[in-house]
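Shown here: final22.csv, CSV, C-alpha atoms.
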chain,number,residue,atom,x,y,z
S,21,MET,CA,16.2,8.2,26.0
S,22,GLU,CA,12.4,7.8,26.0
S,23,ILE,CA,11.1,5.8,23.0
S,24,ILE,CA,7.4,6.0,22.2
S,25,ARG,CA,5.6,3.8,19.6
S,26,ALA,CA,2.7,5.2,17.7
S,27,ARG,CA,-0.7,3.9,18.9
S,28,VAL,CA,-1.2,2.2,15.5
S,29,LEU,CA,1.8,1.0,13.4
S,30,GLY,CA,3.1,-1.9,11.3
S,31,PHE,CA,1.3,-4.7,9.6
S,32,CYS,CA,-2.3,-4.0,8.5
S,33,MET,CA,-4.9,-6.8,8.2
S,34,GLY,CA,-4.5,-7.2,4.5
S,35,VAL,CA,-0.7,-7.5,4.5
S,36,ARG,CA,-0.6,-9.8,7.5
S,37,ARG,CA,-3.2,-12.0,5.7
S,38,ALA,CA,-1.1,-12.1,2.5
S,39,VAL,CA,2.1,-13.0,4.3
S,40,THR,CA,0.4,-15.7,6.3
S,41,MET,CA,-1.2,-17.2,3.1
S,42,ALA,CA,2.2,-17.2,1.4
S,43,GLU,CA,3.9,-19.0,4.3
S,44,GLU,CA,1.1,-21.5,4.4
S,45,MET,CA,1.5,-22.2,0.7
S,46,LEU,CA,5.2,-22.6,1.1
S,47,ASP,CA,4.7,-25.1,3.9
S,48,LYS,CA,2.1,-27.1,2.0
S,49,CYS,CA,4.0,-27.2,-1.3
S,50,ALA,CA,7.3,-28.1,0.3
S,51,ASP,CA,6.0,-31.6,1.0
S,52,MET,CA,4.8,-31.9,-2.6
S,53,GLN,CA,8.0,-30.4,-4.0
S,54,THR,CA,6.0,-28.0,-6.2
S,55,PRO,CA,7.1,-24.4,-6.8
S,56,VAL,CA,5.3,-21.4,-5.3
S,57,TYR,CA,5.1,-18.1,-7.0
S,58,THR,CA,3.7,-14.7,-6.2
S,59,MET,CA,2.3,-12.6,-9.1
S,60,GLY,CA,4.4,-9.5,-8.7
S,61,PRO,CA,5.9,-8.5,-5.3
S,62,LEU,CA,3.6,-9.8,-2.5
S,63,ILE,CA,4.0,-6.6,-0.5
S,64,HIS,CA,6.2,-3.5,-0.5
S,65,ASN,CA,8.8,-4.6,2.1
S,66,PRO,CA,12.2,-5.9,1.0
S,67,SER,CA,13.0,-7.6,4.3
S,68,VAL,CA,9.8,-9.7,4.3
S,69,LEU,CA,10.2,-10.5,0.6
S,70,LYS,CA,13.8,-11.7,1.2
S,71,LYS,CA,12.7,-14.1,4.0
S,72,LEU,CA,10.0,-15.5,1.8
S,73,THR,CA,12.4,-15.8,-1.2
S,74,ASP,CA,14.9,-17.6,1.0
S,75,ARG,CA,12.1,-20.1,1.8
S,76,GLY,CA,11.5,-20.7,-2.0
S,77,LEU,CA,8.9,-18.1,-3.0
S,78,HIS,CA,9.5,-16.9,-6.6
S,79,THR,CA,8.3,-13.6,-8.0
S,80,LEU,CA,6.4,-14.1,-11.3
S,81,GLU,CA,6.1,-11.3,-13.9
S,82,GLU,CA,3.5,-11.2,-16.7
S,83,LYS,CA,6.1,-12.2,-19.3
S,84,ASP,CA,6.9,-15.3,-17.4
S,85,ILE,CA,3.3,-16.8,-17.4
S,86,PRO,CA,3.7,-18.7,-20.7
S,87,GLY,CA,6.6,-20.7,-19.2
S,88,LEU,CA,4.9,-21.3,-15.8
S,89,PRO,CA,5.6,-25.0,-14.8
S,90,ASP,CA,2.5,-27.3,-14.6
S,91,GLY,CA,1.0,-27.6,-11.1
S,92,SER,CA,2.5,-24.4,-9.8
S,93,THR,CA,0.9,-22.5,-7.0
S,94,VAL,CA,0.6,-18.8,-7.5
S,95,VAL,CA,-0.2,-16.4,-4.7
S,96,ILE,CA,-2.0,-13.2,-5.8
S,97,ARG,CA,-0.3,-10.3,-4.1
S,98,ALA,CA,-2.1,-8.0,-1.6
S,99,HIS,CA,-2.5,-5.3,-4.2
S,100,GLY,CA,-4.4,-7.7,-6.5
S,101,ILE,CA,-3.9,-8.2,-10.2
S,102,PRO,CA,-6.0,-7.3,-13.3
S,103,PRO,CA,-8.6,-10.0,-14.3
S,104,VAL,CA,-6.7,-10.7,-17.6
S,105,LEU,CA,-3.7,-11.9,-15.7
S,106,GLN,CA,-5.8,-14.1,-13.4
S,107,GLN,CA,-7.4,-15.6,-16.5
S,108,ALA,CA,-4.0,-16.3,-18.0
S,109,LEU,CA,-2.9,-18.1,-14.8
S,110,THR,CA,-6.0,-20.2,-14.8
S,111,ALA,CA,-5.5,-21.1,-18.4
S,112,LYS,CA,-2.1,-22.4,-17.5
S,113,GLY,CA,-3.6,-24.6,-14.8
S,114,ALA,CA,-2.0,-22.8,-11.9
S,115,GLN,CA,-3.4,-23.4,-8.4
S,116,ILE,CA,-4.3,-19.8,-7.3
S,117,ALA,CA,-4.2,-18.6,-3.7
S,118,ASP,CA,-5.8,-15.2,-3.7
S,119,ALA,CA,-4.2,-13.0,-1.1
S,120,THR,CA,-5.8,-9.8,-2.5
S,121,CYS,CA,-6.6,-7.5,0.4
S,122,PRO,CA,-10.4,-7.6,1.0
S,123,ARG,CA,-10.6,-3.8,0.8
S,124,VAL,CA,-8.9,-3.9,-2.6
S,125,LYS,CA,-11.4,-6.5,-3.6
S,126,VAL,CA,-14.2,-4.1,-2.8
S,127,ASN,CA,-12.5,-1.5,-5.0
S,128,GLN,CA,-12.2,-3.9,-7.9
S,129,LYS,CA,-15.8,-4.9,-7.6
S,130,ARG,CA,-17.0,-1.3,-7.5
S,131,ALA,CA,-14.9,-0.4,-10.6
S,132,ALA,CA,-16.3,-3.4,-12.5
S,133,GLU,CA,-19.9,-2.6,-11.5
S,134,PHE,CA,-19.8,1.1,-12.3
S,135,SER,CA,-18.0,0.4,-15.5
S,136,GLU,CA,-20.7,-2.0,-16.6
S,137,LYS,CA,-23.3,0.7,-16.0
S,138,GLY,CA,-21.4,3.0,-18.3
S,139,TYR,CA,-19.9,5.3,-15.7
S,140,THR,CA,-16.5,6.9,-16.1
S,141,VAL,CA,-14.4,5.5,-13.3
S,142,ILE,CA,-12.1,8.1,-11.8
S,143,LEU,CA,-9.4,6.9,-9.4
S,144,THR,CA,-7.1,8.8,-7.1
S,145,GLY,CA,-3.8,7.0,-6.8
S,146,ASP,CA,-0.2,6.6,-7.7
S,147,LYS,CA,0.7,5.8,-11.3
S,148,GLY,CA,2.4,2.4,-11.6
S,149,HIS,CA,1.2,1.2,-8.2
S,150,GLY,CA,0.1,-2.5,-8.2
S,151,GLU,CA,-3.3,-1.7,-6.7
S,152,VAL,CA,-4.0,0.9,-9.3
S,153,SER,CA,-3.1,-1.5,-12.1
S,154,SER,CA,-5.4,-4.2,-10.7
S,155,ILE,CA,-8.4,-1.8,-10.4
S,156,ALA,CA,-7.8,-0.4,-13.9
S,157,GLY,CA,-8.2,-3.9,-15.2
S,158,TYR,CA,-11.7,-4.1,-13.7
S,159,ALA,CA,-12.8,-0.8,-15.2
S,160,LYS,CA,-13.8,-1.8,-18.7
S,161,ASN,CA,-14.3,1.8,-19.8
S,162,LYS,CA,-11.3,4.1,-19.8
S,163,LEU,CA,-10.2,4.7,-16.3
S,164,VAL,CA,-9.1,8.3,-15.3
S,165,LEU,CA,-6.2,8.3,-12.9
S,166,LEU,CA,-5.6,11.5,-10.8
S,167,GLN,CA,-2.5,11.6,-8.7
S,168,ASN,CA,-2.8,15.1,-7.3
S,169,GLU,CA,-4.8,18.3,-7.3
S,170,PRO,CA,-3.1,19.8,-10.4
S,171,GLU,CA,-4.1,16.7,-12.4
S,172,ALA,CA,-7.6,17.0,-11.2
S,173,GLU,CA,-7.7,20.7,-12.2
S,174,GLU,CA,-6.4,19.8,-15.7
S,175,TYR,CA,-9.0,17.0,-16.0
S,176,VAL,CA,-11.8,19.4,-15.2
S,177,ARG,CA,-10.5,22.0,-17.7
S,178,GLN,CA,-10.4,19.5,-20.5
S,179,LEU,CA,-13.8,18.0,-19.7
S,180,THR,CA,-16.2,18.6,-22.6
S,181,ASP,CA,-19.3,17.3,-20.8
S,182,CYS,CA,-19.6,18.1,-17.1
S,183,THR,CA,-22.9,16.2,-16.8
S,184,ILE,CA,-21.4,12.7,-17.5
S,185,ARG,CA,-22.1,10.0,-15.1
S,186,ALA,CA,-18.9,9.3,-13.2
S,187,VAL,CA,-17.7,7.7,-10.0
S,188,LEU,CA,-14.7,8.7,-7.8
S,189,LEU,CA,-12.8,5.9,-6.1
S,190,SER,CA,-9.4,5.8,-4.5
S,191,GLN,CA,-6.4,3.7,-4.0
S,192,THR,CA,-6.7,2.3,-0.5
S,193,THR,CA,-3.4,3.9,0.7
S,194,PHE,CA,-4.0,7.3,-0.9
S,195,ASP,CA,-3.6,10.5,1.2
S,196,PRO,CA,-7.0,11.2,2.8
S,197,ALA,CA,-6.6,15.0,2.8
S,198,VAL,CA,-5.6,15.1,-0.9
S,199,PHE,CA,-8.6,12.8,-1.7
S,200,GLU,CA,-11.0,15.2,0.0
S,201,ARG,CA,-9.6,18.2,-1.9
S,202,ILE,CA,-9.8,16.4,-5.2
S,203,SER,CA,-13.3,15.2,-4.4
S,204,GLY,CA,-14.4,18.8,-3.6
S,205,LEU,CA,-12.9,20.1,-6.8
S,206,LEU,CA,-14.6,17.5,-9.0
S,207,LYS,CA,-18.0,17.8,-7.3
S,208,ALA,CA,-17.9,21.6,-7.9
S,209,HIS,CA,-17.8,20.9,-11.7
S,210,MET,CA,-19.5,17.5,-12.1
S,211,PRO,CA,-23.1,17.5,-10.7
S,212,ASN,CA,-23.6,13.8,-11.4
S,213,LEU,CA,-20.4,12.6,-9.7
S,214,GLU,CA,-20.8,9.8,-7.2
S,215,VAL,CA,-18.1,9.7,-4.6
S,216,HIS,CA,-16.9,6.6,-2.7
S,217,ASN,CA,-14.1,7.2,-0.2
S,218,THR,CA,-12.3,3.8,-0.5
S,219,ILE,CA,-9.2,4.7,1.5
S,220,CYS,CA,-8.4,2.0,4.0
S,221,THR,CA,-9.0,2.9,7.6
S,222,ALA,CA,-5.6,1.5,8.4
S,223,THR,CA,-4.0,4.3,6.4
S,224,GLN,CA,-6.1,6.9,8.2
S,225,GLU,CA,-5.4,5.4,11.6
S,226,ARG,CA,-1.6,5.4,11.1
S,227,GLN,CA,-1.7,9.1,10.0
S,228,THR,CA,-3.8,10.1,13.0
S,229,ALA,CA,-1.6,8.1,15.4
S,230,LEU,CA,1.5,9.8,13.9
S,231,ASP,CA,-0.1,13.3,14.3
S,232,GLU,CA,-0.6,12.5,18.0
S,233,LEU,CA,3.0,11.1,18.4
S,234,ILE,CA,4.7,14.1,16.8
S,235,ARG,CA,3.6,16.4,19.6
S,236,SER,CA,5.6,14.5,22.2
S,237,CYS,CA,8.8,13.8,20.3
S,238,ASP,CA,12.2,15.4,19.3
S,239,GLY,CA,12.5,13.0,16.4
S,240,ILE,CA,10.4,10.5,14.4
S,241,LEU,CA,11.6,7.3,12.8
S,242,VAL,CA,9.3,6.0,10.0
S,243,ILE,CA,10.0,2.3,9.3
S,244,GLY,CA,9.0,0.7,6.0
S,245,GLY,CA,9.9,-0.2,2.5
S,246,ARG,CA,10.8,2.7,0.2
S,247,MET,CA,8.4,1.5,-2.4
S,248,SER,CA,5.5,1.6,0.1
S,249,ALA,CA,3.1,4.5,-0.6
S,250,ASN,CA,1.6,4.7,2.8
S,251,THR,CA,5.1,4.6,4.5
S,252,ARG,CA,6.3,7.5,2.2
S,253,ARG,CA,3.3,9.5,3.2
S,254,LEU,CA,4.0,8.9,6.9
S,255,TYR,CA,7.5,10.2,6.4
S,256,HIS,CA,6.3,13.3,4.6
S,257,THR,CA,4.0,14.1,7.5
S,258,ALA,CA,6.8,13.6,10.0
S,259,ALA,CA,9.4,15.6,7.9
S,260,VAL,CA,7.0,18.6,7.7
S,261,SER,CA,6.2,18.7,11.4
S,262,CYS,CA,9.2,17.3,13.3
S,263,PRO,CA,12.8,18.7,13.4
S,264,HIS,CA,14.3,15.2,13.1
S,265,ALA,CA,12.6,12.7,10.8
S,266,ALA,CA,14.0,9.7,8.9
S,267,HIS,CA,12.6,7.0,6.7
S,268,ILE,CA,14.4,3.7,7.3
S,269,GLU,CA,14.0,0.1,6.2
S,270,SER,CA,16.0,-1.5,9.0
S,271,ALA,CA,17.7,-0.8,12.4
S,272,GLN,CA,21.1,-0.4,10.6
S,273,GLU,CA,19.8,2.7,8.9
S,274,ILE,CA,19.1,4.8,12.0
S,275,PRO,CA,20.8,8.1,11.6
S,276,GLU,CA,23.5,8.8,14.3
S,277,GLU,CA,21.7,12.0,15.5
S,278,PHE,CA,18.8,10.0,16.8
S,279,PHE,CA,20.9,8.3,19.5
S,280,SER,CA,21.4,11.6,21.3
S,281,LEU,CA,17.7,12.8,21.3
S,282,ASN,CA,15.7,12.8,24.4
S,283,VAL,CA,12.4,11.5,23.0
S,284,VAL,CA,12.1,9.4,19.8
S,285,GLY,CA,8.9,8.3,18.3
S,286,ILE,CA,8.5,5.2,16.1
S,287,THR,CA,5.9,4.6,13.5
S,288,ALA,CA,5.8,2.1,10.6
S,289,GLY,CA,4.0,1.5,7.4
S,290,ALA,CA,1.3,-1.1,6.9
S,291,SER,CA,3.8,-3.6,5.3
S,292,THR,CA,6.4,-3.4,8.1
S,293,PRO,CA,6.6,-6.6,10.3
S,294,ASP,CA,6.8,-6.6,14.1
S,295,ASP,CA,10.3,-8.0,14.3
S,296,ILE,CA,11.8,-5.1,12.3
S,297,ILE,CA,10.0,-2.6,14.6
S,298,ASP,CA,11.4,-4.4,17.6
S,299,ALA,CA,14.9,-4.4,16.2
S,300,VAL,CA,14.8,-0.6,15.6
S,301,GLU,CA,13.7,0.0,19.2
S,302,ARG,CA,16.5,-2.3,20.6
S,303,ARG,CA,19.2,-0.6,18.6
S,304,LEU,CA,17.9,2.8,19.7
S,305,ARG,CA,18.1,1.8,23.3
S,306,ASP,CA,21.6,0.2,22.9
S,307,GLY,CA,22.9,3.2,21.0
S,308,ALA,CA,21.5,5.7,23.4
S,309,ALA,CA,23.1,3.8,26.3
S,310,GLY,CA,26.5,4.0,24.5
S,311,CYS,CA,26.2,7.8,24.2
S,312,ARG,CA,26.0,8.3,28.0

Spell out the structure here as structure tokens.
Amino acid sequence: MEIIRARVLGFCMGVRRAVTMAEEMLDKCADMQTPVYTMGPLIHNPSVLKKLTDRGLHTLEEKDIPGLPDGSTVVIRAHGIPPVLQQALTAKGAQIADATCPRVKVNQKRAAEFSEKGYTVILTGDKGHGEVSSIAGYAKNKLVLLQNEPEAEEYVRQLTDCTIRAVLLSQTTFDPAVFERISGLLKAHMPNLEVHNTICTATQERQTALDELIRSCDGILVIGGRMSANTRRLYHTAAVSCPHAAHIESAQEIPEEFFSLNVVGITAGASTPDDIIDAVERRLRDGAAGCR
């Protein structure tokens, strides 16, 4: 069996930074015997979260903030949080370590600035996603969330004033092709629309690398958490274009059929660590050897 890794895969800059910051806080606070929390899941990868939990990292929900122990350290997750939650943590005297991805920070800043100017802030993204919730908190005017083209078409149909000042932003892990189609649709009806493509280059790079990989493989394994938006999109691309495609979180989930393929490609979402990718490759090689 030949195993080919995608040219770009695994941890992106923002996720690696968040995990490193959480590990540093755990090391620092272990000596002081003070608890460390993360405001919501740090990243969308259950394996990484379990390792951090085993080291003493606790996940904090909004309802838990009133009971937060004095002197606690709270790590802001990579997706960021709304300003109202950050203010609540500060009011409780929490020591905040802000691991918000720098690209998400830019999105938050733009949402706040355009909202202050009276613009309608339109965001392409996934309902309920942590990053979407954080950006919505910075848009003081009503934020319009569009998850797909049908929702964009419905928004335009119901728009009573097409000349409003509006800005289009995007969740950093949104599908670039869908964003472009939504952008074109809105611009055709909204002459004053300002467009900022805020999709992270890491998302685009992983999609491009996967497109290159698919041409050479009999099967594609997409590694990453099932709650990870960018990992799900990688799997959708692979499933459409490759006869054998699977979305797995660990080496133990590799489907049996993959061990008998000639060429298997591996890609991984932006919240997938190197050790899980390595484990998947090892198990593929061991399993293929056993099939001979």

Inset, instruction - Would you work out the distance separating CA of Ile142 (chain S) from CA of Leu213 (chain S), expressed in Å to one decimal? - result: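 We find that CA of Ile142 (chain S) and CA of Leu213 (chain S) lie 9.7 Å from each other.
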
Legend entry - Contact residues around region 128-140 of chain S with only C-alpha atoms at 6 Å, ignoring same-chain residues under 4 positions, as a ChimeraX atom specification: /S:155,158-161,185-186

Legend entry - Nearest residue to His209 (chain S) from the set S:Val28, S:Ala172, S:Ile286, S:Ala111 (distances using all atoms listed in the file):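 Among S:Val28, S:Ala172, S:Ile286, S:Ala111, it is S:Ala172 that comes nearest to His209 (chain S).
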
Inset, instruction - Find the spatial neighbours of Met33 (chain S), counting only C-alpha atoms, within a cut-off of 9 Å - ignore same-chain residues fewer than 3 positions away - and output them as a list in words. - result: Arg36, Arg37, Ala38, Cys121, Ala222 and Ala290 of chain S

C-alpha atoms of the current selection, written as a PDB file, keeping the file's coordinate frame:
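In the end it all went to again-v2.pdb:
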ATOM      1  CA  ARG S  36      -0.600  -9.800   7.500  1.00  0.00           C
ATOM      2  CA  ARG S  37      -3.200 -12.000   5.700  1.00  0.00           C
ATOM      3  CA  ALA S  38      -1.100 -12.100   2.500  1.00  0.00           C
ATOM      4  CA  CYS S 121      -6.600  -7.500   0.400  1.00  0.00           C
ATOM      5  CA  ALA S 222      -5.600   1.500   8.400  1.00  0.00           C
ATOM      6  CA  ALA S 290       1.300  -1.100   6.900  1.00  0.00           C
TER       7      ALA S 290
END

Legend entry - Contact residues around region 195-207 of chain S with only C-alpha atoms at 10 Å, ignoring same-chain residues under 3 positions, as a PyMOL selection string: chain S and resi 143-145+166-173+175-176+182+188-192+210-221+223-224+227+249-250+253-254

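What separates CA of Val95 (chain S) from CA of Ser291 (chain S) is a distance of 16.7 Å.
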
Inset, instruction - Compile the contact shell of Gly239 (chain S) as a list of chain:residue names: residues with an atom at most 9 Å away, counting all atoms listed in the file, same-chain residues fewer than 4 positions apart removed. - result: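 Near neighbours after the sequence-gap exclusion: S:Ile234, S:Ala258, S:Cys262, S:Pro263, S:His264, S:Ala265, S:Ala266, S:Phe278, S:Leu281, S:Asn282, S:Val283, S:Val284, S:Gly285, S:Ile286.
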
Legend entry - Among the residues S:Leu233, S:Leu62, S:Val260, S:Leu69, the one that comes closest to Arg25 (chain S) [using all atoms listed in the file]: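 Using all atoms listed in the file, the shortest distance to Arg25 (chain S) belongs to S:Leu233.
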
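Here the question is which of S:Val124, S:Thr40, S:Ser261, S:Arg303 gets nearest to Glu232 (chain S) using all atoms listed in the file, and that residue is S:Ser261.
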
Kindly reconstruct region 185-199 of chain S with N, CA and C atoms and present the result as a compact mmCIF listing (two decimals), in the coordinates of the input.
# COMPACT_ATOMS: atom_id res chain seq x y z
N ARG S 185 -22.00 10.77 -16.29
CA ARG S 185 -22.10 10.00 -15.10
C ARG S 185 -20.69 9.43 -14.77
N ALA S 186 -20.23 9.73 -13.57
CA ALA S 186 -18.90 9.30 -13.20
C ALA S 186 -18.87 8.95 -11.70
N VAL S 187 -17.92 8.10 -11.34
CA VAL S 187 -17.70 7.70 -10.00
C VAL S 187 -16.28 7.95 -9.56
N LEU S 188 -16.08 8.44 -8.35
CA LEU S 188 -14.70 8.70 -7.80
C LEU S 188 -14.42 7.62 -6.78
N LEU S 189 -13.35 6.87 -7.01
CA LEU S 189 -12.80 5.90 -6.10
C LEU S 189 -11.40 6.28 -5.71
N SER S 190 -10.79 5.52 -4.81
CA SER S 190 -9.40 5.80 -4.50
C SER S 190 -8.58 4.59 -4.17
N GLN S 191 -7.32 4.65 -4.52
CA GLN S 191 -6.40 3.70 -4.00
C GLN S 191 -6.47 3.63 -2.52
N THR S 192 -6.45 2.45 -1.93
CA THR S 192 -6.70 2.30 -0.50
C THR S 192 -5.68 3.01 0.38
N THR S 193 -4.48 3.25 -0.15
CA THR S 193 -3.40 3.90 0.70
C THR S 193 -3.17 5.33 0.26
N PHE S 194 -4.12 5.94 -0.44
CA PHE S 194 -4.00 7.30 -0.90
C PHE S 194 -4.10 8.29 0.30
N ASP S 195 -3.52 9.49 0.14
CA ASP S 195 -3.60 10.50 1.20
C ASP S 195 -5.02 11.00 1.37
N PRO S 196 -5.60 10.80 2.56
CA PRO S 196 -7.00 11.20 2.80
C PRO S 196 -7.28 12.66 2.54
N ALA S 197 -6.37 13.54 2.96
CA ALA S 197 -6.60 15.00 2.80
C ALA S 197 -6.58 15.37 1.33
N VAL S 198 -5.69 14.79 0.55
CA VAL S 198 -5.60 15.10 -0.90
C VAL S 198 -6.89 14.55 -1.57
N PHE S 199 -7.35 13.38 -1.15
CA PHE S 199 -8.60 12.80 -1.70
C PHE S 199 -9.75 13.77 -1.50
